[in-house]
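> Structure below; questions to follow.
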Amino acid sequence: MMKDAAATLAILLEHVVDGAGSRPDAGVTTAILTEAARFAERYLAPLAPITDREGCRLDAGRVGTAPPHKSAWQAYAEAGWAGLTAPDDAGGQALPMALAAAVQELMDAADPAFGMLAINARCATRLLVRHGDEATREAWMPAIAGGLWGATICISEPQAGSDVGRIRTRAEPGGDGMWALTGDKCWISYGDHDLTERIGHFTLARARGAPAGTRGLSLFLVPDTLPGGARNGVSIARLEEKLGLHGSPTCGLIFDGATATLIGQEGRGLQTLFAMIVAMRLGVASQGAAVAQAAASTAERYADERGQGGDPAGPPMPIARHAEIRRLLLQMRARAEAARLIALQAAAWVDAEDEGDPDAAKRAALLLPVAKTYCAEAAFANADAAIQVLGGAGYVRDWPVERMLRDCRVFSIYEGTSAIQGLDLLLRRVLGKDGFGPLHDVLDRLAPSPVLVLAVRDTAEALAGVDARSQEAAALPFLRLVALACADGLLHRAGRDAGPLAPSYAALAAFHRTEATIEASALVQRCLSVDLDVAFDGVFAS
Ligand SMILES: Cc1cc2nc3c(=O)[nH]c(=O)nc-3n(C[C@H](O)[C@H](O)[C@H](O)COP(=O)(O)OP(=O)(O)OC[C@H]3O[C@@H](n4cnc5c(N)ncnc54)[C@H](O)[C@@H]3O)c2cc1C
């Protein structure tokens with residue numbers, strides 16, 4: 001089933017995903033996705049094991065990548081992929097985020113470490129379209145959209161991870177309308193590298209006298225080199241050694257009076273950066289969908305070919321015939337397809353928001369934390385299950401699933417951990433100022449089973465009446481409950497509307513519904529009945 005990922009994605013975009021916005025016609029979509037799949041096969045599948053093995057190096061204060069990485073990036077840039085969603089006048093193709101999500105899934109299935117730089121480019125152009133002044137847009141957008149210059153998002157500092165309001169990097173105004181930034185940033189993806197000529201760091205900092213907390217933050221663009229070619233006051237403090245994503249350099253940066261341009265209004269940095277964060281979270285959702293797909297497909301292939309068991313006098317039977325392997329393969333395929341659909345749906349509602357639909361904006365805001373978290377967890381669950389299906393072969397490097405497990409572990413950490421996404425969903429999107437309207441709208445549109453709708457609605461109402469501490473404890477299980485309902489609705493819609501693929505989606509949706517119903521009842525209980533503080537104090541306070 002669903003062997004040709006590009007063709008499947010084209011069908012889902014055309015017939016299944018809601019709120020299409022102005023997408024190109026089916027022929028153009030299919031052509032773009034087929035080309036993306038070809039690019040991934042030619043450049044990225046061979047690159048992933050090389051960069052995983054060789055990683056990056058810090059040499060004389062600069063980061064270098066493995067040589068094939070640079071030629072792959074050049075091919076990516078020359079083919080126009082870096083400007084997929086950038087506006088026409090910046091040399092981009094102005095294509096919607098939903099199509100970009102599908103392209104990203106195809107490419108990240110081969111190499112998510114490579115794709116991290118591409119996500120940054122997409123997010124930066126989106127930010128500049130909305131908040132860059134004319135001079136900044138003209139200088140930066142065509143170069144980023146053309147893949148000549150790179151971009152980063154610089155939020156994290158040693159004392160400011162999830163708690164962004166603790167950022168200490170200082171911004172001092174200069175006489176010429178420019179600013180000077182001083183402070184330390186950590187864990188910055190593609191914070192330095194040799195793939196592009198120049199790098200722009202989109203950086204949150206605090207102007208002198210600004211209030212404490214997130215309200216005092218402003219957003220700046222800090223180039224690594226100044227217009228004449230001299231180095232700006234940005235140095236590379238360290239290059240992290242990490243579990244996975246070895247091809248994606250993660251850097252500590254020091255800003256020492258670095259020349260910077262204000263982006264958007266002073267004191268509204270977080271709101272301004274949100275244009276970029278939305279796209280980053282969609283990007284992580286697509287990364288998750290990609291790895292969930294890649295792990296499931298690898299396991300399916302292996303299970304068909306590997307023979308174990310059966311009559312010793314005859315040939316061994318394919319392990320795909322064993323009941324427990326079948327359960328694993330079905331669970332993986334269900335998670336992979338649900339992740340793909342949820343990521344596409346979230347992106348499509350962002351597209352509709354961009355076209356001015358305020359209700360779609362609320363649906364997108366509600367689905368984003370769900371998509372980011374569900375897809376991240378689906379990737380890890382699938383990589384883990386794939387290793388189980390492959391047995392010893394899965395644990396060693398001959399097969400890519402151990403790399404996938406390492407690569408995807410961070411998806412539920414960066415761009416807001418799962419706990420933070422749960423709080424965003426429950427406290428702001430469900431119990432916030434818009435009331436239950438957006439939640440009900442999402443449920444009505446995606447139409448999950450009545451049992452799941454009731455579970456979500458009743459739990460949301462019950463959580464509205466409990467104290468803040470109980471809401472906090474319920475936030476992540478509640479997000480997982482909403483995710484199961486969204487997955488159920490989307491899989492059933494694919495089972496009805498996905499043309500030639502409908503019968504296999506319908507069978508998958510039926511399997512998923514049984515699993516989801518079992519899981520949902522445990523999640524409802526987890527949301528409503530566990531007093532974590534009593535248990536915690538009992539265990540740890542003595
Ligand atoms: C490979 C990699 C790439 C990265 N790339 C970037 C990048 O490009 N730019 C950038 O700015 N940052 C980047 N980061 C940093 C990343 O965004 C942070 O790691 C993340 O936001 C979490 O912050 P933290 O690691 O300090 O964890 P902490 O905030 O210390 O959290 C630790 C644990 O406590 C929980 N926790 C914290 N606060 C709360 C709360 N209020 N309620 C409930 N639970 C809570 C968290 O969920 C988590 O489980 C990257 C990190 C990695 C590992």
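The way I read the labels, and the way they are meant: chains A, B, ... in the order of the structure tokens, residue 1 as the first residue of every chain, and ligand 1 as the first ligand shown, with later ones counted on from there.
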Name the residues in contact with Val430 (chain A) at a cut-off of 10 Å, using only C-alpha atoms, excluding same-chain residues fewer than 4 positions from it; report them as a tab-separated table (two decimals) with C-alpha atoms, in the first residue's frame.

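The resulting file, around-v2.tsv, is reproduced below:
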chain	number	residue	atom	x	y	z
A	366	LEU	CA	-4.96	24.82	17.78
A	423	LEU	CA	0.29	23.84	27.90
A	424	ASP	CA	-0.11	25.99	24.78
A	425	LEU	CA	-2.92	23.76	23.52
A	426	LEU	CA	-4.87	23.41	26.75
A	434	ASP	CA	-11.80	32.05	22.25
A	435	GLY	CA	-13.48	29.40	24.42
A	436	PHE	CA	-14.23	25.94	23.01
A	437	GLY	CA	-15.12	27.36	19.55
A	438	PRO	CA	-11.86	26.49	17.75
A	439	LEU	CA	-11.74	23.00	19.33
A	440	HIS	CA	-15.30	22.27	18.26
A	460	ALA	CA	-12.04	19.68	27.88
A	461	GLU	CA	-15.17	20.70	29.79
A	463	LEU	CA	-10.62	20.45	32.75
A	464	ALA	CA	-12.22	23.90	32.54
> For ligand 1, list the contacting residues at 9 Å or closer, counting only C-alpha atoms and all ligand atoms, as a PyMOL selection string.
chain A and resi 116+120+152-164+185-191+203-204+240+242-246+248-251+407+410-423+472-473
> Just write the chosen residues, C-alpha atoms, as a PDB file, in the first residue's frame.

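New file selection.pdb:
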ATOM      1  CA  MET A 116      17.230  21.730   8.957  1.00  0.00           C
ATOM      2  CA  ASN A 120      15.499  27.941   8.422  1.00  0.00           C
ATOM      3  CA  THR A 152      19.274  30.842  11.991  1.00  0.00           C
ATOM      4  CA  ILE A 153      16.789  31.347  14.775  1.00  0.00           C
ATOM      5  CA  CYS A 154      18.601  32.435  17.959  1.00  0.00           C
ATOM      6  CA  ILE A 155      16.402  32.155  21.029  1.00  0.00           C
ATOM      7  CA  SER A 156      18.033  29.747  23.485  1.00  0.00           C
ATOM      8  CA  GLU A 157      20.577  30.833  26.084  1.00  0.00           C
ATOM      9  CA  PRO A 158      22.079  28.755  28.875  1.00  0.00           C
ATOM     10  CA  GLN A 159      19.538  30.093  31.432  1.00  0.00           C
ATOM     11  CA  ALA A 160      16.682  30.553  28.914  1.00  0.00           C
ATOM     12  CA  GLY A 161      15.357  27.349  27.317  1.00  0.00           C
ATOM     13  CA  SER A 162      11.600  26.848  27.612  1.00  0.00           C
ATOM     14  CA  ASP A 163      11.579  29.982  29.775  1.00  0.00           C
ATOM     15  CA  VAL A 164      12.235  32.443  26.954  1.00  0.00           C
ATOM     16  CA  LYS A 185      23.242  31.920  22.576  1.00  0.00           C
ATOM     17  CA  CYS A 186      23.329  28.134  22.740  1.00  0.00           C
ATOM     18  CA  TRP A 187      22.238  25.134  20.637  1.00  0.00           C
ATOM     19  CA  ILE A 188      21.770  27.184  17.460  1.00  0.00           C
ATOM     20  CA  SER A 189      21.064  24.941  14.460  1.00  0.00           C
ATOM     21  CA  TYR A 190      23.340  25.729  11.520  1.00  0.00           C
ATOM     22  CA  GLY A 191      24.789  28.511  13.715  1.00  0.00           C
ATOM     23  CA  THR A 203      18.031  36.914  17.410  1.00  0.00           C
ATOM     24  CA  LEU A 204      15.913  37.747  20.435  1.00  0.00           C
ATOM     25  CA  GLU A 240      27.984  20.378  20.106  1.00  0.00           C
ATOM     26  CA  LYS A 242      25.114  15.123  20.019  1.00  0.00           C
ATOM     27  CA  LEU A 243      22.998  11.969  19.800  1.00  0.00           C
ATOM     28  CA  GLY A 244      21.803  12.411  16.220  1.00  0.00           C
ATOM     29  CA  LEU A 245      21.394  14.896  13.353  1.00  0.00           C
ATOM     30  CA  HIS A 246      25.181  14.861  13.021  1.00  0.00           C
ATOM     31  CA  SER A 248      23.304  19.621  11.263  1.00  0.00           C
ATOM     32  CA  PRO A 249      25.847  21.728  13.180  1.00  0.00           C
ATOM     33  CA  THR A 250      24.503  22.865  16.579  1.00  0.00           C
ATOM     34  CA  CYS A 251      26.502  25.827  17.852  1.00  0.00           C
ATOM     35  CA  ASP A 407      18.003  11.798  14.644  1.00  0.00           C
ATOM     36  CA  VAL A 410      15.162  15.867  19.495  1.00  0.00           C
ATOM     37  CA  PHE A 411      11.946  16.571  17.566  1.00  0.00           C
ATOM     38  CA  SER A 412       9.953  16.570  20.810  1.00  0.00           C
ATOM     39  CA  ILE A 413      12.505  18.870  22.478  1.00  0.00           C
ATOM     40  CA  TYR A 414      13.370  21.740  20.147  1.00  0.00           C
ATOM     41  CA  GLU A 415      10.899  24.383  18.992  1.00  0.00           C
ATOM     42  CA  GLY A 416       9.088  23.999  22.318  1.00  0.00           C
ATOM     43  CA  THR A 417       9.119  20.705  24.216  1.00  0.00           C
ATOM     44  CA  SER A 418       6.065  18.449  24.274  1.00  0.00           C
ATOM     45  CA  ALA A 419       5.168  19.720  27.757  1.00  0.00           C
ATOM     46  CA  ILE A 420       5.220  23.318  26.500  1.00  0.00           C
ATOM     47  CA  GLN A 421       3.092  22.383  23.467  1.00  0.00           C
ATOM     48  CA  GLY A 422       0.584  20.690  25.790  1.00  0.00           C
ATOM     49  CA  LEU A 423       0.289  23.840  27.901  1.00  0.00           C
ATOM     50  CA  GLU A 472      -1.043  21.732  34.061  1.00  0.00           C
ATOM     51  CA  ALA A 473      -0.779  18.020  34.879  1.00  0.00           C
TER      52      ALA A 473
END
> Hey, which of A:Ala5, A:Gly228, A:Asp194, A:Arg122 ends up closest to Gly64 (chain A)? Count only C-alpha atoms.
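Smallest separation from Gly64 (chain A) among the options: A:Asp194.
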> Name the residues in contact with region 258-265 of chain A at a cut-off of 7 Å, using only C-alpha atoms, excluding same-chain residues fewer than 5 positions from it; report them as a PDB file with C-alpha atoms, in the first residue's frame.

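Below you can see around_6.pdb, which holds the result:
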ATOM      1  CA  HIS A 131       8.102  42.188   9.307  1.00  0.00           C
ATOM      2  CA  GLY A 132      11.227  43.190   7.369  1.00  0.00           C
ATOM      3  CA  MET A 178      21.673  50.104  13.962  1.00  0.00           C
ATOM      4  CA  TRP A 179      22.007  48.185  17.243  1.00  0.00           C
ATOM      5  CA  ALA A 180      24.839  46.384  19.017  1.00  0.00           C
ATOM      6  CA  LEU A 181      24.111  42.956  20.576  1.00  0.00           C
ATOM      7  CA  THR A 182      26.090  41.338  23.370  1.00  0.00           C
ATOM      8  CA  LEU A 219      13.993  40.817  17.457  1.00  0.00           C
ATOM      9  CA  PHE A 220      17.162  41.619  15.513  1.00  0.00           C
ATOM     10  CA  LEU A 221      18.903  40.407  12.392  1.00  0.00           C
ATOM     11  CA  VAL A 222      22.603  39.908  13.051  1.00  0.00           C
ATOM     12  CA  ASN A 232      30.695  40.954  12.534  1.00  0.00           C
ATOM     13  CA  GLY A 233      31.100  40.543  16.312  1.00  0.00           C
ATOM     14  CA  VAL A 234      29.804  36.950  16.260  1.00  0.00           C
ATOM     15  CA  THR A 272       7.320  39.291  15.507  1.00  0.00           C
TER      16      THR A 272
END
> Hey, what's within 7 Å of region 332-337 of chain A if we count only C-alpha atoms and toss same-chain stuff fewer than 4 positions away? As a PDB file with C-alpha atoms, in the first residue's frame, please?

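Output file selection.pdb is given in full below:
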ATOM      1  CA  ALA A 289       6.096  12.696   9.483  1.00  0.00           C
ATOM      2  CA  ALA A 292       7.791   8.081  10.750  1.00  0.00           C
ATOM      3  CA  GLN A 293       7.334   7.264   7.050  1.00  0.00           C
ATOM      4  CA  ALA A 296       7.700   2.315   8.574  1.00  0.00           C
ATOM      5  CA  LEU A 328       3.902  -3.517  14.724  1.00  0.00           C
ATOM      6  CA  LEU A 341      -2.090  13.966   7.270  1.00  0.00           C
ATOM      7  CA  ALA A 378       5.212   9.191  15.918  1.00  0.00           C
ATOM      8  CA  ASN A 382       8.160   4.255  14.578  1.00  0.00           C
ATOM      9  CA  LEU A 508      -5.947   1.438   8.073  1.00  0.00           C
ATOM     10  CA  HIS A 512      -6.446   2.798  13.966  1.00  0.00           C
TER      11      HIS A 512
END
> Which of these, A:Asp192, A:Glu138, A:Glu78, A:Asp88, has the shortest distance to Leu117 (chain A) once you count only C-alpha atoms?
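Closest to Leu117 (chain A), using only C-alpha atoms: A:Asp192.
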> DSSP on the backbone, alpha helix (DSSP H) only: what residues of region 244-486 of chain A does that give? Format it as a PDB file with C-alpha atoms, in the first residue's frame.

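Result went into out.pdb, see below:
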ATOM      1  CA  GLY A 269      10.154  40.574  19.483  1.00  0.00           C
ATOM      2  CA  LEU A 270       8.327  37.399  20.426  1.00  0.00           C
ATOM      3  CA  GLN A 271       5.168  38.389  18.520  1.00  0.00           C
ATOM      4  CA  THR A 272       7.320  39.291  15.507  1.00  0.00           C
ATOM      5  CA  LEU A 273       9.299  36.070  15.689  1.00  0.00           C
ATOM      6  CA  PHE A 274       6.047  34.137  15.790  1.00  0.00           C
ATOM      7  CA  ALA A 275       5.807  34.356  11.986  1.00  0.00           C
ATOM      8  CA  MET A 276       8.983  32.275  11.944  1.00  0.00           C
ATOM      9  CA  ILE A 277       8.052  30.020  14.862  1.00  0.00           C
ATOM     10  CA  VAL A 278       4.807  28.914  13.152  1.00  0.00           C
ATOM     11  CA  ALA A 279       6.829  27.755  10.162  1.00  0.00           C
ATOM     12  CA  MET A 280       9.476  26.152  12.408  1.00  0.00           C
ATOM     13  CA  ARG A 281       6.813  24.122  14.217  1.00  0.00           C
ATOM     14  CA  LEU A 282       5.268  23.078  10.918  1.00  0.00           C
ATOM     15  CA  GLY A 283       8.789  22.156   9.863  1.00  0.00           C
ATOM     16  CA  VAL A 284       9.252  19.903  12.892  1.00  0.00           C
ATOM     17  CA  ALA A 285       5.869  18.287  12.198  1.00  0.00           C
ATOM     18  CA  SER A 286       7.039  17.461   8.674  1.00  0.00           C
ATOM     19  CA  GLN A 287      10.355  16.167   9.989  1.00  0.00           C
ATOM     20  CA  GLY A 288       8.401  13.841  12.274  1.00  0.00           C
ATOM     21  CA  ALA A 289       6.096  12.696   9.483  1.00  0.00           C
ATOM     22  CA  ALA A 290       9.153  12.071   7.300  1.00  0.00           C
ATOM     23  CA  VAL A 291      11.009   9.897   9.790  1.00  0.00           C
ATOM     24  CA  ALA A 292       7.791   8.081  10.750  1.00  0.00           C
ATOM     25  CA  GLN A 293       7.334   7.264   7.050  1.00  0.00           C
ATOM     26  CA  ALA A 294      10.931   6.266   6.457  1.00  0.00           C
ATOM     27  CA  ALA A 295      11.012   3.951   9.491  1.00  0.00           C
ATOM     28  CA  ALA A 296       7.700   2.315   8.574  1.00  0.00           C
ATOM     29  CA  SER A 297       8.738   1.766   4.938  1.00  0.00           C
ATOM     30  CA  THR A 298      12.093   0.281   5.922  1.00  0.00           C
ATOM     31  CA  ALA A 299      10.424  -2.126   8.345  1.00  0.00           C
ATOM     32  CA  GLU A 300       7.820  -3.157   5.752  1.00  0.00           C
ATOM     33  CA  ARG A 301      10.505  -3.947   3.171  1.00  0.00           C
ATOM     34  CA  TYR A 302      12.606  -5.877   5.655  1.00  0.00           C
ATOM     35  CA  ALA A 303       9.661  -7.874   7.022  1.00  0.00           C
ATOM     36  CA  ASP A 304       8.787  -9.060   3.507  1.00  0.00           C
ATOM     37  CA  GLU A 305      12.322 -10.244   2.826  1.00  0.00           C
ATOM     38  CA  ALA A 323       1.149 -11.851  14.259  1.00  0.00           C
ATOM     39  CA  GLU A 324       3.218  -9.587  16.488  1.00  0.00           C
ATOM     40  CA  ILE A 325       5.184  -8.247  13.494  1.00  0.00           C
ATOM     41  CA  ARG A 326       1.891  -7.549  11.739  1.00  0.00           C
ATOM     42  CA  ARG A 327       0.679  -5.557  14.735  1.00  0.00           C
ATOM     43  CA  LEU A 328       3.902  -3.517  14.724  1.00  0.00           C
ATOM     44  CA  LEU A 329       3.712  -2.889  10.971  1.00  0.00           C
ATOM     45  CA  LEU A 330       0.082  -1.800  11.189  1.00  0.00           C
ATOM     46  CA  GLN A 331       0.735   0.497  14.141  1.00  0.00           C
ATOM     47  CA  MET A 332       3.695   2.048  12.336  1.00  0.00           C
ATOM     48  CA  ARG A 333       1.802   2.556   9.095  1.00  0.00           C
ATOM     49  CA  ALA A 334      -1.132   4.110  10.987  1.00  0.00           C
ATOM     50  CA  ARG A 335       1.157   6.528  12.841  1.00  0.00           C
ATOM     51  CA  ALA A 336       3.051   7.389   9.647  1.00  0.00           C
ATOM     52  CA  GLU A 337      -0.086   8.164   7.647  1.00  0.00           C
ATOM     53  CA  ALA A 338      -1.724  10.026  10.539  1.00  0.00           C
ATOM     54  CA  ALA A 339       1.422  12.118  11.055  1.00  0.00           C
ATOM     55  CA  ARG A 340       1.566  12.911   7.338  1.00  0.00           C
ATOM     56  CA  LEU A 341      -2.090  13.966   7.270  1.00  0.00           C
ATOM     57  CA  ILE A 342      -1.922  16.041  10.453  1.00  0.00           C
ATOM     58  CA  ALA A 343       1.233  17.851   9.245  1.00  0.00           C
ATOM     59  CA  LEU A 344      -0.376  18.593   5.860  1.00  0.00           C
ATOM     60  CA  GLN A 345      -3.616  19.717   7.497  1.00  0.00           C
ATOM     61  CA  ALA A 346      -1.863  22.086   9.894  1.00  0.00           C
ATOM     62  CA  ALA A 347       0.084  23.598   6.987  1.00  0.00           C
ATOM     63  CA  ALA A 348      -3.066  23.944   4.872  1.00  0.00           C
ATOM     64  CA  TRP A 349      -4.833  25.870   7.635  1.00  0.00           C
ATOM     65  CA  VAL A 350      -1.783  28.142   7.958  1.00  0.00           C
ATOM     66  CA  ASP A 351      -2.103  28.746   4.195  1.00  0.00           C
ATOM     67  CA  ALA A 352      -5.784  29.589   4.610  1.00  0.00           C
ATOM     68  CA  GLU A 353      -4.855  31.945   7.474  1.00  0.00           C
ATOM     69  CA  ASP A 354      -2.297  33.620   5.211  1.00  0.00           C
ATOM     70  CA  PRO A 358      -9.666  34.205  10.605  1.00  0.00           C
ATOM     71  CA  ASP A 359     -11.367  30.910  11.547  1.00  0.00           C
ATOM     72  CA  ALA A 360      -8.650  28.952   9.778  1.00  0.00           C
ATOM     73  CA  ALA A 361      -6.133  30.960  11.818  1.00  0.00           C
ATOM     74  CA  LYS A 362      -7.735  29.675  15.032  1.00  0.00           C
ATOM     75  CA  ARG A 363      -7.840  26.120  13.752  1.00  0.00           C
ATOM     76  CA  ALA A 364      -4.193  26.376  12.712  1.00  0.00           C
ATOM     77  CA  ALA A 365      -3.186  27.736  16.119  1.00  0.00           C
ATOM     78  CA  LEU A 366      -4.963  24.823  17.777  1.00  0.00           C
ATOM     79  CA  LEU A 367      -3.584  22.137  15.466  1.00  0.00           C
ATOM     80  CA  LEU A 368       0.029  23.394  15.441  1.00  0.00           C
ATOM     81  CA  PRO A 369       1.052  22.172  18.912  1.00  0.00           C
ATOM     82  CA  VAL A 370      -0.821  18.921  18.228  1.00  0.00           C
ATOM     83  CA  ALA A 371       0.940  18.412  14.893  1.00  0.00           C
ATOM     84  CA  LYS A 372       4.383  19.280  16.239  1.00  0.00           C
ATOM     85  CA  THR A 373       4.039  16.888  19.167  1.00  0.00           C
ATOM     86  CA  TYR A 374       2.158  14.026  17.494  1.00  0.00           C
ATOM     87  CA  CYS A 375       4.561  13.890  14.553  1.00  0.00           C
ATOM     88  CA  ALA A 376       7.631  14.073  16.819  1.00  0.00           C
ATOM     89  CA  GLU A 377       6.330  11.215  18.949  1.00  0.00           C
ATOM     90  CA  ALA A 378       5.212   9.191  15.918  1.00  0.00           C
ATOM     91  CA  ALA A 379       8.729   9.430  14.481  1.00  0.00           C
ATOM     92  CA  PHE A 380      10.348   8.124  17.651  1.00  0.00           C
ATOM     93  CA  ALA A 381       7.733   5.398  18.177  1.00  0.00           C
ATOM     94  CA  ASN A 382       8.160   4.255  14.578  1.00  0.00           C
ATOM     95  CA  ALA A 383      11.959   4.299  14.684  1.00  0.00           C
ATOM     96  CA  ASP A 384      11.780   2.236  17.880  1.00  0.00           C
ATOM     97  CA  ALA A 385       9.263  -0.213  16.393  1.00  0.00           C
ATOM     98  CA  ALA A 386      11.318  -0.473  13.188  1.00  0.00           C
ATOM     99  CA  ILE A 387      14.344  -1.538  15.213  1.00  0.00           C
ATOM    100  CA  GLN A 388      12.146  -4.209  16.817  1.00  0.00           C
ATOM    101  CA  VAL A 389      10.986  -5.470  13.424  1.00  0.00           C
ATOM    102  CA  LEU A 390      14.555  -5.613  12.125  1.00  0.00           C
ATOM    103  CA  GLY A 392      19.650  -7.282  15.528  1.00  0.00           C
ATOM    104  CA  ALA A 393      19.891  -5.780  12.040  1.00  0.00           C
ATOM    105  CA  GLY A 394      17.978  -2.777  13.336  1.00  0.00           C
ATOM    106  CA  TYR A 395      20.428  -2.148  16.139  1.00  0.00           C
ATOM    107  CA  VAL A 401      16.743   2.774  11.536  1.00  0.00           C
ATOM    108  CA  GLU A 402      19.186   3.255  14.427  1.00  0.00           C
ATOM    109  CA  ARG A 403      20.178   6.603  12.860  1.00  0.00           C
ATOM    110  CA  MET A 404      16.524   7.528  12.511  1.00  0.00           C
ATOM    111  CA  LEU A 405      15.966   6.822  16.212  1.00  0.00           C
ATOM    112  CA  ARG A 406      18.898   9.068  17.148  1.00  0.00           C
ATOM    113  CA  ASP A 407      18.003  11.798  14.644  1.00  0.00           C
ATOM    114  CA  CYS A 408      14.370  12.139  15.650  1.00  0.00           C
ATOM    115  CA  SER A 418       6.065  18.449  24.274  1.00  0.00           C
ATOM    116  CA  ALA A 419       5.168  19.720  27.757  1.00  0.00           C
ATOM    117  CA  ILE A 420       5.220  23.318  26.500  1.00  0.00           C
ATOM    118  CA  GLN A 421       3.092  22.383  23.467  1.00  0.00           C
ATOM    119  CA  GLY A 422       0.584  20.690  25.790  1.00  0.00           C
ATOM    120  CA  LEU A 423       0.289  23.840  27.901  1.00  0.00           C
ATOM    121  CA  GLY A 437     -15.117  27.362  19.553  1.00  0.00           C
ATOM    122  CA  PRO A 438     -11.861  26.492  17.751  1.00  0.00           C
ATOM    123  CA  LEU A 439     -11.738  22.999  19.326  1.00  0.00           C
ATOM    124  CA  HIS A 440     -15.298  22.266  18.261  1.00  0.00           C
ATOM    125  CA  ASP A 441     -14.614  23.676  14.810  1.00  0.00           C
ATOM    126  CA  VAL A 442     -11.605  21.349  14.388  1.00  0.00           C
ATOM    127  CA  LEU A 443     -13.613  18.352  15.612  1.00  0.00           C
ATOM    128  CA  ASP A 444     -16.545  19.207  13.327  1.00  0.00           C
ATOM    129  CA  ARG A 445     -14.302  19.521  10.301  1.00  0.00           C
ATOM    130  CA  LEU A 446     -12.162  16.469  10.894  1.00  0.00           C
ATOM    131  CA  PRO A 450     -18.431  10.029  18.050  1.00  0.00           C
ATOM    132  CA  VAL A 451     -16.692   8.182  20.903  1.00  0.00           C
ATOM    133  CA  LEU A 452     -13.503  10.187  20.392  1.00  0.00           C
ATOM    134  CA  VAL A 453     -15.374  13.481  19.916  1.00  0.00           C
ATOM    135  CA  LEU A 454     -17.169  12.891  23.196  1.00  0.00           C
ATOM    136  CA  ALA A 455     -13.945  11.938  24.968  1.00  0.00           C
ATOM    137  CA  VAL A 456     -12.266  15.180  23.839  1.00  0.00           C
ATOM    138  CA  ARG A 457     -15.244  17.467  24.471  1.00  0.00           C
ATOM    139  CA  ASP A 458     -16.093  16.020  27.885  1.00  0.00           C
ATOM    140  CA  THR A 459     -12.470  16.073  29.009  1.00  0.00           C
ATOM    141  CA  ALA A 460     -12.041  19.685  27.880  1.00  0.00           C
ATOM    142  CA  GLU A 461     -15.166  20.696  29.788  1.00  0.00           C
ATOM    143  CA  ALA A 462     -14.061  18.818  32.894  1.00  0.00           C
ATOM    144  CA  LEU A 463     -10.621  20.455  32.745  1.00  0.00           C
ATOM    145  CA  ALA A 464     -12.216  23.901  32.544  1.00  0.00           C
ATOM    146  CA  ALA A 468      -4.605  25.398  37.539  1.00  0.00           C
ATOM    147  CA  ARG A 469      -2.261  22.723  38.896  1.00  0.00           C
ATOM    148  CA  SER A 470      -4.549  19.915  37.692  1.00  0.00           C
ATOM    149  CA  GLN A 471      -4.819  21.590  34.287  1.00  0.00           C
ATOM    150  CA  GLU A 472      -1.043  21.732  34.061  1.00  0.00           C
ATOM    151  CA  ALA A 473      -0.779  18.020  34.879  1.00  0.00           C
ATOM    152  CA  ALA A 474      -3.422  17.144  32.277  1.00  0.00           C
ATOM    153  CA  ALA A 475      -2.013  19.269  29.445  1.00  0.00           C
ATOM    154  CA  LEU A 476       0.155  16.735  27.582  1.00  0.00           C
ATOM    155  CA  PRO A 477      -2.207  13.746  27.951  1.00  0.00           C
ATOM    156  CA  PHE A 478      -4.988  16.025  26.706  1.00  0.00           C
ATOM    157  CA  LEU A 479      -2.902  16.997  23.664  1.00  0.00           C
ATOM    158  CA  ARG A 480      -2.341  13.303  22.909  1.00  0.00           C
ATOM    159  CA  LEU A 481      -6.084  12.689  23.180  1.00  0.00           C
ATOM    160  CA  VAL A 482      -6.838  15.497  20.722  1.00  0.00           C
ATOM    161  CA  ALA A 483      -4.147  14.115  18.398  1.00  0.00           C
ATOM    162  CA  LEU A 484      -5.764  10.662  18.374  1.00  0.00           C
ATOM    163  CA  ALA A 485      -9.113  12.219  17.473  1.00  0.00           C
ATOM    164  CA  CYS A 486      -7.556  14.294  14.643  1.00  0.00           C
TER     165      CYS A 486
END
> List as an MDAnalysis selection string the protein and nucleic acid residues near region 44-50 of chain A, meaning an atom at most 12 Å away when only C-alpha atoms are counted, but skip any in the same chain fewer than 3 places from it.
chainID A and resid 36:41 53:56 65:73 75:76 104 106:115 244:248 294 397:404 407
> Just the number, please: distance in Å from CA of Pro448 (chain A) to CA of Ala507 (chain A), one decimal.
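For CA of Pro448 (chain A) relative to CA of Ala507 (chain A), the distance reads 15.4 Å.
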> Pick from A:Ile11, A:Leu217, A:Cys123, A:Ala151: nearest to Gly27 (chain A), with only C-alpha atoms counted?
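Smallest distance to Gly27 (chain A) is found for A:Ile11.
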> Just checking: using only C-alpha atoms, which residue out of A:Asp497, A:Glu355, A:Glu105, A:Asp488 ends up closest to Thr514 (chain A)?
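Smallest separation from Thr514 (chain A) among the options: A:Asp488.
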> By how many Å are CA of Thr136 (chain A) and CA of Glu172 (chain A) apart?
19.4 Å
> With distances taken over only C-alpha atoms, which of A:Thr214, A:Leu12, A:Ala145, A:Arg526 is nearest to Thr30 (chain A)?
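Result for the nearest residue to Thr30 (chain A): A:Leu12.
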> Considering only C-alpha atoms, return as a PyMOL selection string whatever protein or nucleic-acid residues lie within 10 Å of Gly146 (chain A), sequence-local ones (same chain, fewer than 3 positions apart) excluded.
chain A and resi 74+76-84+86+90-92+121+140-143+149-150
> Mind giving me the straight-line distance from CA of Leu528 (chain A) to CA of Lys433 (chain A) in Å, one decimal?
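Between CA of Leu528 (chain A) and CA of Lys433 (chain A) the gap works out to 22.5 Å.
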